[in-house]
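**Student:** Encoded as structure tokens, here's the structure I'll be asking about.
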Amino acid sequence: MEEEEEEEAKTVVWTANQDEPPFPSDGTLLLSPEGRLIVQQQKQGLETIIANSTFASSAAMLDSGNFVLFDSTLQVIWQTFDFPTDTILPGQRLLSGQRLVSDVSGTNHNMRKFQLIMQRDENLVQYPVDSIKKEFAYWSSRTLYPGDNVTLNLDTNGQLFLVNATTFVVRNITEKVSVSRHVIHRATMDADGIFRLYSHSSNQSGFDYINQDRQDLGCQKNYSTDFCITKSKQNFDVQELRSLSWEDDPYATIQPLSKDDCKDECSRDCNCEVAVYQSLRQVNELKMLVREDELDKEKLERVVKVGLWCTQDEPSSQPSMKKVILMLEGTVNIPDPLYPSSINVSSP
């Protein structure tokens, strides 16, 4: 089951020394001259080893969410992906014999009651922490004849699956969830003992193409009004577009306002998608040109194409009125038009 997260709190995906108390606020993460990764606590004069690697010369936080140590030849010699705690990320594997252990809560990251184990008999099983016996298991993948060294994997599309040493997919735990490049997934053993798949949106624009393969069709919202209400206006950015005409059909007119006030007003209003700033005395907030419940994408595509053909710079390229009617009715196919040179096209 996939759940889209909308909480404001930071999401923790890995914890050092999960069974130990949290570090104090004066703790500092250091890469020592000897190549060890340590946390130094100044007031207590203590050092806690996080990675007892040797010859580490640099460290990096990768876009995948994997924190790694490199040697002088830039070979990975230690990585958090090898030591999962309660979560796996895309590209990370839960190896045979490894486990995920639930946190106490979203803010207390000590180990708690529940665990998910990739057993050496190649079954993925959930148990209470203190009762690793078959009769106490409360969920199992029930994998039959899986082969050797089965691992749990999460890919970038949000699909959880078991694969054996020959790379044969033994079982799909979930189906493919999303192919959007704006979504990041994680699978977490939660404090209530349920193993969940989450999605996080990394797209902050508020809009996305209607069709990625046909970007000329324009954009649509990628968030709901409810989502907008739960977020502060700092999560949205109002971009200024000059020399642009818009239909004069506002649902609200507010005056007088400065340009910055105009942006703030639109940011606070979850129904505002366009604000037309005319002067210090008038702001028009406009809803989308076509309501979502009335949108016929094929008809809209035909209208846009016909409009572009009718505004071609070369008169001989412009269709006759009879052909315009046939194209609008869908009787004849409409080839992809060229943009007139008088129209400036920019990506959202």
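Chain identifiers are assigned as A, B, and so on, following the order in which chains appear in the structure tokens; residues are numbered from 1 within each chain, and ligands are numbered from 1 in order of appearance.
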I'd like the neighbourhood of range 141-143 of chain A as a ChimeraX atom specification, where a residue qualifies if any of its atoms comes within 7 Å (using only C-alpha atoms), though same-chain residues fewer than 5 positions away should be ignored.

**Tutor:** /A:122-125

**Student:** Please give the complete set of residues from range 20-63 of chain A that DSSP, run on the backbone, assigns to strand (DSSP E or B), formatted as a VMD selection string.

**Tutor:** chain A and resid 27 to 31 37 to 41 46 to 51 58 to 61

**Student:** Go ahead and dump the residues you just picked, N, CA, C and O atoms, as a CSV table (one decimal), in the first residue's frame.

**Tutor:**
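Final output, saved to part-v4.csv:
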chain,number,residue,atom,x,y,z
A,27,GLY,N,26.8,17.3,19.3
A,27,GLY,CA,27.6,16.2,18.6
A,27,GLY,C,28.0,16.7,17.2
A,27,GLY,O,27.2,17.4,16.5
A,28,THR,N,29.2,16.3,16.8
A,28,THR,CA,29.7,16.7,15.5
A,28,THR,C,30.2,15.5,14.7
A,28,THR,O,30.9,14.7,15.3
A,29,LEU,N,29.7,15.3,13.5
A,29,LEU,CA,30.2,14.2,12.6
A,29,LEU,C,31.5,14.5,12.0
A,29,LEU,O,31.6,15.6,11.3
A,30,LEU,N,32.5,13.7,12.2
A,30,LEU,CA,33.8,13.9,11.7
A,30,LEU,C,34.4,12.7,11.0
A,30,LEU,O,34.1,11.6,11.3
A,31,LEU,N,35.2,13.0,10.0
A,31,LEU,CA,36.0,12.0,9.3
A,31,LEU,C,37.4,12.1,9.8
A,31,LEU,O,38.1,13.1,9.5
A,37,LEU,N,34.8,7.2,10.6
A,37,LEU,CA,33.7,8.2,10.7
A,37,LEU,C,33.2,8.1,12.2
A,37,LEU,O,32.8,7.1,12.7
A,38,ILE,N,33.3,9.3,12.9
A,38,ILE,CA,33.0,9.3,14.3
A,38,ILE,C,32.1,10.5,14.6
A,38,ILE,O,32.0,11.5,13.8
A,39,VAL,N,31.4,10.4,15.7
A,39,VAL,CA,30.6,11.5,16.3
A,39,VAL,C,31.3,12.0,17.5
A,39,VAL,O,31.6,11.2,18.5
A,40,GLN,N,31.7,13.3,17.5
A,40,GLN,CA,32.5,13.8,18.7
A,40,GLN,C,31.5,14.7,19.5
A,40,GLN,O,30.8,15.6,19.0
A,41,GLN,N,31.5,14.4,20.8
A,41,GLN,CA,30.7,15.1,21.8
A,41,GLN,C,31.6,16.0,22.6
A,41,GLN,O,32.3,15.5,23.5
A,46,LEU,N,33.6,12.7,24.5
A,46,LEU,CA,33.4,11.4,24.0
A,46,LEU,C,33.5,11.3,22.5
A,46,LEU,O,33.1,12.3,21.8
A,47,GLU,N,33.9,10.2,22.0
A,47,GLU,CA,33.8,9.9,20.6
A,47,GLU,C,33.1,8.6,20.3
A,47,GLU,O,33.5,7.6,21.0
A,48,THR,N,32.2,8.6,19.4
A,48,THR,CA,31.5,7.3,19.1
A,48,THR,C,31.8,7.0,17.6
A,48,THR,O,31.6,7.8,16.7
A,49,ILE,N,32.2,5.8,17.4
A,49,ILE,CA,32.6,5.3,16.1
A,49,ILE,C,31.3,4.9,15.3
A,49,ILE,O,30.5,4.1,15.8
A,50,ILE,N,31.1,5.5,14.2
A,50,ILE,CA,30.0,5.2,13.3
A,50,ILE,C,30.4,4.2,12.3
A,50,ILE,O,29.7,3.2,12.0
A,51,ALA,N,31.6,4.4,11.7
A,51,ALA,CA,32.2,3.5,10.7
A,51,ALA,C,33.6,3.3,11.0
A,51,ALA,O,34.4,4.3,10.9
A,58,SER,N,37.5,10.4,1.9
A,58,SER,CA,36.4,11.4,1.7
A,58,SER,C,35.1,10.7,1.9
A,58,SER,O,35.0,9.5,2.0
A,59,ALA,N,34.1,11.5,2.1
A,59,ALA,CA,32.7,11.1,2.3
A,59,ALA,C,31.7,11.9,1.5
A,59,ALA,O,32.0,13.0,1.1
A,60,ALA,N,30.6,11.3,1.1
A,60,ALA,CA,29.6,12.0,0.3
A,60,ALA,C,28.2,11.5,0.6
A,60,ALA,O,28.0,10.3,0.9
A,61,MET,N,27.3,12.5,0.5
A,61,MET,CA,25.9,12.1,0.6
A,61,MET,C,25.3,12.1,-0.9
A,61,MET,O,25.3,13.1,-1.6

**Student:** Using DSSP on the backbone coordinates, identify the residues of range 3-233 of chain A assigned to alpha helix (DSSP H); present them as a ChimeraX atom specification.

**Tutor:** /A:225-230

**Student:** Have a look at CA of Cys272 in chain A and CA of Asn211 in chain A and let me know their distance in Å, one decimal.

**Tutor:** 22.7 Å

**Student:** Rounded to one decimal in Å, what is the spacing between CA of Ser105 in chain A and CA of Asp192 in chain A?

**Tutor:**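 Distance between the two atoms: 8.7 Å.
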
**Student:** Rounded to one decimal in Å, what is the spacing between CA of Gly91 in chain A and CA of His109 in chain A?

**Tutor:** 22.9 Å

**Student:** Just checking: using only C-alpha atoms, which residue out of A:Lys133, A:Arg36, A:Arg171, A:His200 ends up closest to Gly158 in chain A?

**Tutor:**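 Answer, going by the shortest atom-to-atom distance: A:His200.
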